[in-house]
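The file query-v7.cif contains mmCIF, C-alpha atoms (C1' of nucleotides):
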```cif
data_model
#
loop_
_atom_site.group_PDB
_atom_site.id
_atom_site.type_symbol
_atom_site.label_atom_id
_atom_site.label_comp_id
_atom_site.auth_asym_id
_atom_site.auth_seq_id
_atom_site.Cartn_x
_atom_site.Cartn_y
_atom_site.Cartn_z
ATOM 1 C CA MET A 279 -69.152 -80.575 42.715
ATOM 2 C CA ILE A 280 -66.587 -81.418 40.133
ATOM 3 C CA VAL A 281 -63.227 -81.058 41.850
ATOM 4 C CA SER A 282 -62.622 -82.726 45.217
ATOM 5 C CA THR A 283 -60.256 -81.683 47.997
ATOM 6 C CA ARG A 284 -57.526 -83.932 46.622
ATOM 7 C CA GLY A 285 -57.148 -81.815 43.523
ATOM 8 C CA ARG A 286 -57.542 -78.528 45.297
ATOM 9 C CA TYR A 287 -55.118 -79.408 48.081
ATOM 10 C CA ALA A 288 -52.545 -80.598 45.557
ATOM 11 C CA LEU A 289 -52.788 -77.288 43.751
ATOM 12 C CA ARG A 290 -52.413 -75.352 46.960
ATOM 13 C CA VAL A 291 -49.360 -77.336 47.978
ATOM 14 C CA LEU A 292 -47.749 -76.733 44.596
ATOM 15 C CA LEU A 293 -48.515 -73.037 44.774
ATOM 16 C CA ASP A 294 -47.060 -72.971 48.260
ATOM 17 C CA LEU A 295 -43.842 -74.485 46.936
ATOM 18 C CA CYS A 296 -43.777 -71.864 44.185
ATOM 19 C CA SER A 297 -43.562 -69.005 46.587
ATOM 20 C CA GLY A 298 -40.310 -69.886 48.340
ATOM 21 C CA ASP A 299 -36.710 -70.623 47.380
ATOM 22 C CA PRO A 300 -37.062 -73.020 44.424
ATOM 23 C CA ASP A 301 -33.979 -74.984 45.485
ATOM 24 C CA ALA A 302 -34.800 -75.461 49.151
ATOM 25 C CA PHE A 303 -36.586 -78.523 50.498
ATOM 26 C CA VAL A 304 -39.618 -77.728 52.635
ATOM 27 C CA PRO A 305 -40.837 -80.341 55.133
ATOM 28 C CA MET A 306 -44.430 -81.508 54.717
ATOM 29 C CA LYS A 307 -45.256 -80.402 58.230
ATOM 30 C CA GLU A 308 -44.586 -76.762 57.382
ATOM 31 C CA ILE A 309 -46.663 -76.790 54.217
ATOM 32 C CA ALA A 310 -49.523 -78.577 55.902
ATOM 33 C CA LYS A 311 -49.568 -76.041 58.720
ATOM 34 C CA ARG A 312 -49.431 -73.061 56.390
ATOM 35 C CA GLU A 313 -52.171 -74.405 54.143
ATOM 36 C CA GLY A 314 -54.374 -75.772 56.892
ATOM 37 C CA ILE A 315 -54.201 -79.339 55.611
ATOM 38 C CA SER A 316 -53.845 -82.405 57.832
ATOM 39 C CA VAL A 317 -50.383 -83.938 57.551
ATOM 40 C CA LYS A 318 -51.883 -87.404 57.351
ATOM 41 C CA TYR A 319 -54.182 -86.483 54.506
ATOM 42 C CA MET A 320 -51.404 -84.695 52.701
ATOM 43 C CA GLU A 321 -49.307 -87.827 53.008
ATOM 44 C CA GLN A 322 -51.550 -89.659 50.584
ATOM 45 C CA ILE A 323 -51.697 -86.832 48.097
ATOM 46 C CA MET A 324 -47.979 -86.214 47.742
ATOM 47 C CA PRO A 325 -46.680 -89.591 46.483
ATOM 48 C CA VAL A 326 -48.583 -89.299 43.220
ATOM 49 C CA LEU A 327 -47.062 -85.876 42.631
ATOM 50 C CA VAL A 328 -43.610 -87.264 43.369
ATOM 51 C CA LYS A 329 -44.013 -90.290 41.126
ATOM 52 C CA ASN A 330 -44.928 -88.078 38.238
ATOM 53 C CA GLY A 331 -42.090 -85.665 38.744
ATOM 54 C CA LEU A 332 -44.114 -82.623 39.715
ATOM 55 C CA VAL A 333 -42.266 -82.433 43.027
ATOM 56 C CA GLU A 334 -39.026 -83.890 44.362
ATOM 57 C CA ALA A 335 -38.916 -85.500 47.788
ATOM 58 C CA VAL A 336 -35.878 -85.967 50.011
ATOM 59 C CA HIS A 337 -35.961 -88.134 53.129
ATOM 60 C CA GLY A 338 -34.276 -87.516 56.422
ATOM 61 C CA LYS A 339 -33.089 -84.507 58.320
ATOM 62 C CA GLY A 340 -33.153 -81.362 56.235
ATOM 63 C CA GLY A 341 -35.369 -83.048 53.695
ATOM 64 C CA GLY A 342 -38.829 -82.280 52.435
ATOM 65 C CA TYR A 343 -40.345 -81.276 49.129
ATOM 66 C CA ARG A 344 -39.542 -78.894 46.349
ATOM 67 C CA LEU A 345 -40.888 -78.327 42.876
ATOM 68 C CA GLY A 346 -39.673 -80.762 40.241
ATOM 69 C CA VAL A 347 -40.766 -78.605 37.333
ATOM 70 C CA LYS A 348 -40.742 -74.956 36.431
ATOM 71 C CA PRO A 349 -43.958 -73.220 37.512
ATOM 72 C CA SER A 350 -44.412 -72.003 33.971
ATOM 73 C CA GLU A 351 -44.322 -75.571 32.702
ATOM 74 C CA CYS A 352 -46.685 -77.124 35.228
ATOM 75 C CA ARG A 353 -50.203 -77.196 33.824
ATOM 76 C CA VAL A 354 -53.201 -77.278 36.130
ATOM 77 C CA GLY A 355 -54.715 -79.914 33.849
ATOM 78 C CA ASP A 356 -51.850 -82.271 34.639
ATOM 79 C CA VAL A 357 -52.291 -81.792 38.373
ATOM 80 C CA LEU A 358 -56.030 -82.398 38.215
ATOM 81 C CA ARG A 359 -55.790 -85.446 35.973
ATOM 82 C CA LEU A 360 -53.270 -86.954 38.395
ATOM 83 C CA THR A 361 -55.167 -86.270 41.578
ATOM 84 C CA GLU A 362 -58.744 -86.526 40.384
ATOM 85 C CA GLY A 363 -58.044 -89.492 38.154
ATOM 86 C CA ASP A 364 -60.040 -88.075 35.314
ATOM 87 C CA LEU A 365 -61.822 -84.978 34.131
ATOM 88 C CA ALA A 366 -64.362 -86.816 31.996
ATOM 89 C CA PRO A 367 -67.944 -85.594 32.383
ATOM 90 C CA VAL A 368 -69.490 -89.050 31.899
ATOM 91 C CA ALA A 369 -68.280 -92.597 32.525
ATOM 92 C CA CYS A 370 -68.060 -93.649 28.906
ATOM 93 C CA LEU A 371 -65.437 -90.971 28.243
ATOM 94 C CA SER A 372 -63.109 -92.024 31.041
ATOM 95 C CA CYS A 373 -59.892 -93.450 29.738
ATOM 96 C CA GLY A 374 -60.075 -97.206 29.654
ATOM 97 C CA ALA A 375 -63.838 -97.370 30.098
ATOM 98 C CA GLU A 376 -65.696 -100.129 28.366
ATOM 99 C CA PRO A 377 -67.591 -98.828 25.335
ATOM 100 C CA CYS A 378 -71.213 -97.855 25.915
ATOM 101 C CA LYS A 379 -73.818 -100.181 24.440
ATOM 102 C CA ARG A 380 -75.980 -97.277 23.402
ATOM 103 C CA TYR A 381 -73.131 -95.487 21.675
ATOM 104 C CA ALA A 382 -74.571 -95.996 18.178
ATOM 105 C CA ASP A 383 -77.791 -94.092 18.793
ATOM 106 C CA CYS A 384 -76.627 -91.909 21.667
ATOM 107 C CA LYS A 385 -77.664 -88.360 21.004
ATOM 108 C CA THR A 386 -75.620 -86.844 23.799
ATOM 109 C CA ILE A 387 -72.157 -88.333 23.363
ATOM 110 C CA GLY A 388 -71.114 -85.530 21.042
ATOM 111 C CA MET A 389 -72.041 -82.957 23.628
ATOM 112 C CA TRP A 390 -70.159 -84.706 26.441
ATOM 113 C CA SER A 391 -67.184 -85.308 24.229
ATOM 114 C CA GLU A 392 -66.929 -81.669 23.255
ATOM 115 C CA PHE A 393 -67.301 -80.607 26.875
ATOM 116 C CA ASN A 394 -64.520 -82.991 27.794
ATOM 117 C CA ARG A 395 -62.309 -81.357 25.196
ATOM 118 C CA ILE A 396 -63.136 -77.863 26.429
ATOM 119 C CA THR A 397 -62.457 -78.821 30.029
ATOM 120 C CA ASN A 398 -59.047 -80.310 29.363
ATOM 121 C CA GLU A 399 -58.112 -77.457 27.081
ATOM 122 C CA TYR A 400 -59.101 -74.884 29.668
ATOM 123 C CA PHE A 401 -57.082 -76.373 32.497
ATOM 124 C CA ASP A 402 -54.148 -77.165 30.241
ATOM 125 C CA GLY A 403 -53.996 -73.498 29.332
ATOM 126 C CA ILE A 404 -53.254 -72.490 32.916
ATOM 127 C CA THR A 405 -49.906 -72.992 34.635
ATOM 128 C CA LEU A 406 -48.781 -72.549 38.214
ATOM 129 C CA SER A 407 -47.049 -69.305 37.330
ATOM 130 C CA ASP A 408 -50.275 -67.994 35.822
ATOM 131 C CA LEU A 409 -52.001 -68.613 39.137
ATOM 132 C CA ASN A 410 -49.155 -67.059 41.098
ATOM 133 C CA LYS A 411 -49.408 -63.830 39.169
ATOM 134 C CA GLY A 412 -53.171 -63.501 39.152
ATOM 135 C CA MET B 89 -67.045 -88.097 36.808
ATOM 136 C CA ILE B 90 -68.924 -84.861 36.640
ATOM 137 C CA VAL B 91 -72.451 -85.802 35.587
ATOM 138 C CA SER B 92 -74.282 -88.606 37.387
ATOM 139 C CA THR B 93 -76.975 -90.919 36.073
ATOM 140 C CA ARG B 94 -79.704 -88.595 37.347
ATOM 141 C CA GLY B 95 -78.756 -85.902 34.896
ATOM 142 C CA ARG B 96 -78.086 -88.294 32.043
ATOM 143 C CA TYR B 97 -81.292 -90.252 32.541
ATOM 144 C CA ALA B 98 -83.340 -87.044 32.747
ATOM 145 C CA LEU B 99 -81.842 -85.930 29.483
ATOM 146 C CA ARG B 100 -82.588 -89.247 27.826
ATOM 147 C CA VAL B 101 -86.183 -89.198 29.007
ATOM 148 C CA LEU B 102 -86.669 -85.712 27.635
ATOM 149 C CA LEU B 103 -85.142 -86.681 24.322
ATOM 150 C CA ASP B 104 -87.394 -89.721 24.243
ATOM 151 C CA LEU B 105 -90.421 -87.461 24.687
ATOM 152 C CA CYS B 106 -89.143 -85.258 21.883
ATOM 153 C CA SER B 107 -89.316 -88.002 19.335
ATOM 154 C CA GLY B 108 -93.028 -88.803 19.494
ATOM 155 C CA ASP B 109 -96.313 -86.932 19.165
ATOM 156 C CA PRO B 110 -95.762 -83.779 21.246
ATOM 157 C CA ASP B 111 -99.387 -83.764 22.430
ATOM 158 C CA ALA B 112 -99.695 -87.393 23.489
ATOM 159 C CA PHE B 113 -99.075 -88.587 27.031
ATOM 160 C CA VAL B 114 -96.586 -91.444 27.300
ATOM 161 C CA PRO B 115 -96.683 -93.655 30.396
ATOM 162 C CA MET B 116 -93.494 -93.893 32.418
ATOM 163 C CA LYS B 117 -93.362 -97.649 31.926
ATOM 164 C CA GLU B 118 -92.924 -97.271 28.181
ATOM 165 C CA ILE B 119 -90.183 -94.690 28.423
ATOM 166 C CA ALA B 120 -88.341 -96.669 31.083
ATOM 167 C CA LYS B 121 -88.428 -99.791 28.952
ATOM 168 C CA ARG B 122 -87.272 -98.020 25.810
ATOM 169 C CA GLU B 123 -84.447 -96.248 27.592
ATOM 170 C CA GLY B 124 -83.411 -99.162 29.776
ATOM 171 C CA ILE B 125 -84.030 -97.295 33.011
ATOM 172 C CA SER B 126 -85.643 -98.851 36.093
ATOM 173 C CA VAL B 127 -89.168 -97.543 36.583
ATOM 174 C CA LYS B 128 -88.548 -97.089 40.290
ATOM 175 C CA TYR B 129 -85.435 -95.027 39.744
ATOM 176 C CA MET B 130 -87.159 -92.970 37.084
ATOM 177 C CA GLU B 131 -89.932 -92.274 39.566
ATOM 178 C CA GLN B 132 -87.622 -90.152 41.683
ATOM 179 C CA ILE B 133 -86.179 -88.258 38.755
ATOM 180 C CA MET B 134 -89.454 -87.194 37.134
ATOM 181 C CA PRO B 135 -91.110 -85.125 39.888
ATOM 182 C CA VAL B 136 -88.408 -82.456 39.753
ATOM 183 C CA LEU B 137 -88.928 -82.130 36.015
ATOM 184 C CA VAL B 138 -92.679 -81.849 36.514
ATOM 185 C CA LYS B 139 -92.404 -79.251 39.278
ATOM 186 C CA ASN B 140 -90.284 -77.074 37.071
ATOM 187 C CA GLY B 141 -92.544 -77.354 34.071
ATOM 188 C CA LEU B 142 -90.171 -79.238 31.801
ATOM 189 C CA VAL B 143 -92.719 -82.027 31.490
ATOM 190 C CA GLU B 144 -96.445 -82.336 32.181
ATOM 191 C CA ALA B 145 -97.831 -85.341 34.032
ATOM 192 C CA VAL B 146 -101.364 -86.723 33.899
ATOM 193 C CA HIS B 147 -102.607 -89.378 36.292
ATOM 194 C CA GLY B 148 -104.872 -92.291 35.528
ATOM 195 C CA LYS B 149 -105.712 -94.315 32.495
ATOM 196 C CA GLY B 150 -104.402 -92.786 29.319
ATOM 197 C CA GLY B 151 -102.077 -90.605 31.355
ATOM 198 C CA GLY B 152 -98.323 -90.306 31.436
ATOM 199 C CA TYR B 153 -95.821 -87.636 30.535
ATOM 200 C CA ARG B 154 -95.320 -85.198 27.716
ATOM 201 C CA LEU B 155 -93.003 -82.269 27.149
ATOM 202 C CA GLY B 156 -94.032 -79.060 28.902
ATOM 203 C CA VAL B 157 -91.764 -76.866 26.803
ATOM 204 C CA LYS B 158 -90.708 -76.622 23.204
ATOM 205 C CA PRO B 159 -87.552 -78.679 22.491
ATOM 206 C CA SER B 160 -85.929 -75.589 21.056
ATOM 207 C CA GLU B 161 -86.502 -73.729 24.312
ATOM 208 C CA CYS B 162 -85.303 -76.415 26.700
ATOM 209 C CA ARG B 163 -81.650 -75.854 27.545
ATOM 210 C CA VAL B 164 -79.455 -78.729 28.664
ATOM 211 C CA GLY B 165 -78.050 -76.410 31.332
ATOM 212 C CA ASP B 166 -81.484 -76.125 32.924
ATOM 213 C CA VAL B 167 -81.938 -79.882 32.997
ATOM 214 C CA LEU B 168 -78.539 -80.469 34.560
ATOM 215 C CA ARG B 169 -78.889 -77.745 37.155
ATOM 216 C CA LEU B 170 -82.226 -79.234 38.211
ATOM 217 C CA THR B 171 -81.120 -82.838 38.403
ATOM 218 C CA GLU B 172 -77.508 -82.433 39.462
ATOM 219 C CA GLY B 173 -78.248 -79.595 41.843
ATOM 220 C CA ASP B 174 -75.292 -77.577 40.714
ATOM 221 C CA LEU B 175 -72.607 -77.415 38.083
ATOM 222 C CA ALA B 176 -70.083 -75.608 40.269
ATOM 223 C CA PRO B 177 -66.537 -77.005 40.095
ATOM 224 C CA VAL B 178 -65.750 -76.263 43.758
ATOM 225 C CA ALA B 179 -67.853 -75.965 46.896
ATOM 226 C CA CYS B 180 -67.341 -72.247 47.444
ATOM 227 C CA LEU B 181 -68.996 -71.498 44.098
ATOM 228 C CA SER B 182 -72.176 -73.467 44.813
ATOM 229 C CA CYS B 183 -75.168 -71.226 45.183
ATOM 230 C CA GLY B 184 -75.804 -70.509 48.833
ATOM 231 C CA ALA B 185 -72.438 -71.759 50.015
ATOM 232 C CA GLU B 186 -70.863 -70.042 52.966
ATOM 233 C CA PRO B 187 -67.977 -67.810 51.894
ATOM 234 C CA CYS B 188 -64.520 -69.376 52.002
ATOM 235 C CA LYS B 189 -62.209 -68.182 54.746
ATOM 236 C CA ARG B 190 -59.264 -68.189 52.423
ATOM 237 C CA TYR B 191 -61.038 -66.185 49.759
ATOM 238 C CA ALA B 192 -58.874 -63.089 50.223
ATOM 239 C CA ASP B 193 -55.607 -64.772 49.315
ATOM 240 C CA CYS B 194 -56.977 -67.634 47.238
ATOM 241 C CA LYS B 195 -55.029 -67.850 44.020
ATOM 242 C CA THR B 196 -57.346 -70.320 42.351
ATOM 243 C CA ILE B 197 -60.809 -68.850 42.811
ATOM 244 C CA GLY B 198 -60.540 -66.876 39.601
ATOM 245 C CA MET B 199 -59.764 -70.024 37.652
ATOM 246 C CA TRP B 200 -62.685 -71.974 39.151
ATOM 247 C CA SER B 201 -65.034 -69.067 38.692
ATOM 248 C CA GLU B 202 -64.187 -68.728 35.036
ATOM 249 C CA PHE B 203 -64.544 -72.462 34.520
ATOM 250 C CA ASN B 204 -67.938 -72.295 36.179
ATOM 251 C CA ARG B 205 -68.957 -69.589 33.734
ATOM 252 C CA ILE B 206 -67.705 -71.579 30.752
ATOM 253 C CA THR B 207 -69.524 -74.703 31.895
ATOM 254 C CA ASN B 208 -72.886 -73.031 32.337
ATOM 255 C CA GLU B 209 -72.488 -71.129 29.111
ATOM 256 C CA TYR B 210 -71.664 -74.296 27.205
ATOM 257 C CA PHE B 211 -74.654 -76.286 28.417
ATOM 258 C CA ASP B 212 -76.988 -73.321 28.137
ATOM 259 C CA GLY B 213 -76.053 -73.049 24.495
ATOM 260 C CA ILE B 214 -77.461 -76.493 23.732
ATOM 261 C CA THR B 215 -81.172 -77.295 23.532
ATOM 262 C CA LEU B 216 -83.061 -80.545 23.199
ATOM 263 C CA SER B 217 -83.726 -79.862 19.539
ATOM 264 C CA ASP B 218 -79.990 -79.374 18.958
ATOM 265 C CA LEU B 219 -79.394 -82.845 20.380
ATOM 266 C CA ASN B 220 -82.202 -84.345 18.368
ATOM 267 C CA LYS B 221 -80.731 -83.113 15.129
ATOM 268 C CA GLY B 222 -77.100 -84.007 15.785
ATOM 269 C "C1'" DG C 109 -23.476 -96.106 63.969
ATOM 270 C "C1'" DT C 110 -27.083 -94.448 66.264
ATOM 271 C "C1'" DA C 111 -30.540 -91.094 67.002
ATOM 272 C "C1'" DT C 112 -33.507 -88.309 64.514
ATOM 273 C "C1'" DA C 113 -36.150 -86.250 61.012
ATOM 274 C "C1'" DA C 114 -38.387 -86.920 57.321
ATOM 275 C "C1'" DT C 115 -41.104 -89.542 53.528
ATOM 276 C "C1'" DC C 116 -43.621 -93.718 52.411
ATOM 277 C "C1'" DC C 117 -46.819 -97.699 52.965
ATOM 278 C "C1'" DT C 118 -50.903 -100.401 54.599
ATOM 279 C "C1'" DA C 119 -54.913 -100.586 56.786
ATOM 280 C "C1'" DC C 120 -58.959 -98.927 58.755
ATOM 281 C "C1'" DC C 121 -63.104 -95.796 59.714
ATOM 282 C "C1'" DG C 122 -67.173 -92.707 59.582
ATOM 283 C "C1'" DA C 123 -70.077 -89.963 56.802
ATOM 284 C "C1'" DA C 124 -72.125 -88.869 52.616
ATOM 285 C "C1'" DA C 125 -73.554 -89.623 47.966
ATOM 286 C "C1'" DA C 126 -74.781 -92.668 44.159
ATOM 287 C "C1'" DG C 127 -77.845 -95.898 42.468
ATOM 288 C "C1'" DG C 128 -81.567 -98.433 43.216
ATOM 289 C "C1'" DT C 129 -85.693 -101.284 45.573
ATOM 290 C "C1'" DA C 130 -90.181 -101.946 48.010
ATOM 291 C "C1'" DG C 131 -94.601 -100.862 49.202
ATOM 292 C "C1'" DG C 132 -98.206 -98.111 49.672
ATOM 293 C "C1'" DT C 133 -101.198 -93.659 48.448
ATOM 294 C "C1'" DA C 134 -103.702 -90.604 45.471
ATOM 295 C "C1'" DA C 135 -105.784 -89.268 41.273
ATOM 296 C "C1'" DA C 136 -108.159 -89.911 36.995
ATOM 297 C "C1'" DT C 137 -110.587 -92.610 33.582
ATOM 298 C "C1'" DG C 138 -113.485 -96.167 31.682
ATOM 299 C "C1'" DC D 166 -115.726 -99.557 41.358
ATOM 300 C "C1'" DA D 167 -111.801 -101.373 39.161
ATOM 301 C "C1'" DT D 168 -107.922 -100.300 36.592
ATOM 302 C "C1'" DT D 169 -104.249 -97.521 35.291
ATOM 303 C "C1'" DT D 170 -101.359 -94.281 36.078
ATOM 304 C "C1'" DA D 171 -98.318 -90.885 38.759
ATOM 305 C "C1'" DC D 172 -96.725 -89.784 43.389
ATOM 306 C "C1'" DC D 173 -94.754 -90.309 48.099
ATOM 307 C "C1'" DT D 174 -91.971 -92.364 52.006
ATOM 308 C "C1'" DA D 175 -88.762 -95.254 53.503
ATOM 309 C "C1'" DC D 176 -85.078 -98.255 53.159
ATOM 310 C "C1'" DC D 177 -80.952 -100.604 51.271
ATOM 311 C "C1'" DT D 178 -76.253 -101.505 49.149
ATOM 312 C "C1'" DT D 179 -72.095 -99.993 47.150
ATOM 313 C "C1'" DT D 180 -68.762 -96.605 46.253
ATOM 314 C "C1'" DT D 181 -66.402 -92.376 47.049
ATOM 315 C "C1'" DC D 182 -64.766 -88.682 50.104
ATOM 316 C "C1'" DG D 183 -62.141 -87.109 53.704
ATOM 317 C "C1'" DG D 184 -59.484 -88.451 57.182
ATOM 318 C "C1'" DT D 185 -56.861 -91.204 61.020
ATOM 319 C "C1'" DA D 186 -53.432 -94.641 63.015
ATOM 320 C "C1'" DG D 187 -49.372 -97.042 63.198
ATOM 321 C "C1'" DG D 188 -45.527 -98.548 61.573
ATOM 322 C "C1'" DA D 189 -41.601 -99.203 57.941
ATOM 323 C "C1'" DT D 190 -38.126 -97.143 55.310
ATOM 324 C "C1'" DT D 191 -34.708 -93.861 53.976
ATOM 325 C "C1'" DA D 192 -31.293 -90.489 54.626
ATOM 326 C "C1'" DT D 193 -29.019 -86.950 57.146
ATOM 327 C "C1'" DA D 194 -26.534 -84.995 61.246
ATOM 328 C "C1'" DC D 195 -23.912 -85.727 65.029
#
```
As structure tokens:
Amino acid sequence: MIVSTRGRYALRVLLDLCSGDPDAFVPMKEIAKREGISVKYMEQIMPVLVKNGLVEAVHGKGGGYRLGVKPSECRVGDVLRLTEGDLAPVACLSCGAEPCKRYADCKTIGMWSEFNRITNEYFDGITLSDLNKG
Amino acid sequence: MIVSTRGRYALRVLLDLCSGDPDAFVPMKEIAKREGISVKYMEQIMPVLVKNGLVEAVHGKGGGYRLGVKPSECRVGDVLRLTEGDLAPVACLSCGAEPCKRYADCKTIGMWSEFNRITNEYFDGITLSDLNKG
DNA sequence: GTATAATCCTACCGAAAAGGTAGGTAAATG
DNA sequence: CATTTACCTACCTTTTCGGTAGGATTATAC
């Protein structure tokens, strides 16, 4: 399987935030309950979304989360790259990987590379608002 | 990462077999050495290729492996599905998976499903002989 | 300013998969 | 029969996945 729960949960949380008042802050507990995700597990998924501006977090009473971007400007590719780390099909295409020793006579690198391009392009062509409509 | 060593090694072994006399049997030891793969690890990758007719195996002196299909008729998609088990992006799209409870109001299943189609289509459009040329 | 409601941080844990090793068995050939 | 080869079973180590526990920190409401 290519996409783990981290990526899928993150997407679900973002979609959940799409469907309410865009200005209101929704506590994590509510979202977790609605989406059937453990609060504790969600706790380790959210910070990365906050740090990268996809959602805004407010502490204290009356706080919670809300979207930090417009649904039409939030690409699924961004969410997946953040939560999954990478979308590369093979190790040597991961960002920051050390170059493969067999690169020179590797007959498959072109294929993986093109697949990598297709994958990123596909998920970058879909936004949260696309998903909300469909 | 999407594709593990099993799939990549299998592909390399098949490509290795492509480049010699198509009728000769090549012992595993030779291939493993040439491709830098441990013989013992290769031992658990080969049987699945044999069972599905991608390669032929002959025991005893003078034995080894040779291609069981024409390079132009061996699709990368077949190899990956055999060795990786599945190319599905999410669990609910794996063959034989139990249906997801949230299917009815899942906003993402369409996206995953389409990606699954694209993935299989891409790798099914590439054969061993395509890789050998490029 | 204190209680409270919320996010954030650090650490741990069990299960599964990835990647590989070891040793022995079975088949074919010379 | 001895050698060469593939095949089978079991085990092992490391990493990732999915999740839990407990506390620290921040900010609001009263």
Just want the 12 Å neighbourhood of Glu209 in chain B, counted on all atoms listed in the file, with same-chain residues fewer than 4 positions away dropped. Output as a PyMOL selection string.
(chain A and resi 393+396) or (chain B and resi 163-166+175+202-205+213-214)
Please identify every residue of chain A that has at least one atom no more than 6 Å from any atom of chain B, counting all atoms listed in the file, and report them as a list in words.
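Using all atoms listed in the file, chain A residues at most 6 Å from chain B: Met279, Ile280, Val281, Ala366, Pro367, Val368, Lys385 and Leu409 of chain A.
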Tell me which residues the PyMOL selection byres ((chain C) within 8 of (chain B)) grabs here, as a list of chain:residue names.
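When the PyMOL selection byres ((chain C) within 8 of (chain B)) is applied to the shown file, the picked residues are C:DA126, C:DG128, C:DT129, C:DA135, C:DA136, C:DT137.
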Provide as a list in words the residues of chain D at most 6 Å from chain B, counting all atoms listed in the file.
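For chain D, the answer reads DT169, DT170 and DA171 of chain D.
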Apply the PyMOL selection byres ((chain D and resi 194) around 9) to the file shown and report the selected residues as an mmCIF file with C-alpha atoms (C1' of nucleotides), in the coordinates of the input.
```
data_model
loop_
_atom_site.group_PDB
_atom_site.id
_atom_site.type_symbol
_atom_site.label_atom_id
_atom_site.label_comp_id
_atom_site.auth_asym_id
_atom_site.auth_seq_id
_atom_site.Cartn_x
_atom_site.Cartn_y
_atom_site.Cartn_z
ATOM 1 C CA LYS A 339 -33.089 -84.507 58.320
ATOM 2 C "C1'" DT C 112 -33.507 -88.309 64.514
ATOM 3 C "C1'" DT D 193 -29.019 -86.950 57.146
ATOM 4 C "C1'" DC D 195 -23.912 -85.727 65.029
#
```
May I ask for the distance between CA of Val317 in chain A and CA of Gly346 in chain A, given in Å to one decimal place?
20.6 Å
Take the PyMOL selection byres ((chain D and resi 180) around 12), run it mentally on this structure, and tell me the resulting residues as a list in words.
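Expected selection for the PyMOL selection byres ((chain D and resi 180) around 12) here is DA124, DA125, DA126 and DG127 of chain C; DT178, DT179, DT181 and DC182 of chain D.
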What does the structure give for the distance between CA of Ala288 in chain A and CA of Leu327 in chain A, in Å to one decimal?
8.2 Å
Neighbours of Val347 in chain A within 10 Å (all atoms listed in the file; same-chain residues fewer than 3 positions away dropped), as a list of chain:residue names?
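The filter keeps A:Pro300, A:Gly331, A:Leu332, A:Val333, A:Glu334, A:Arg344, A:Ser350, A:Glu351, A:Cys352.
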Between C1' of DT190 in chain D and CA of Arg359 in chain A, distance in Å (one decimal)
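Computed distance, C1' of DT190 in chain D to CA of Arg359 in chain A, equals 28.7 Å.
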Have a look at C:DT133, C:DA111, C:DC117, C:DG138 and name the one nearest to DC173 in chain D; count all atoms listed in the file.
C:DT133
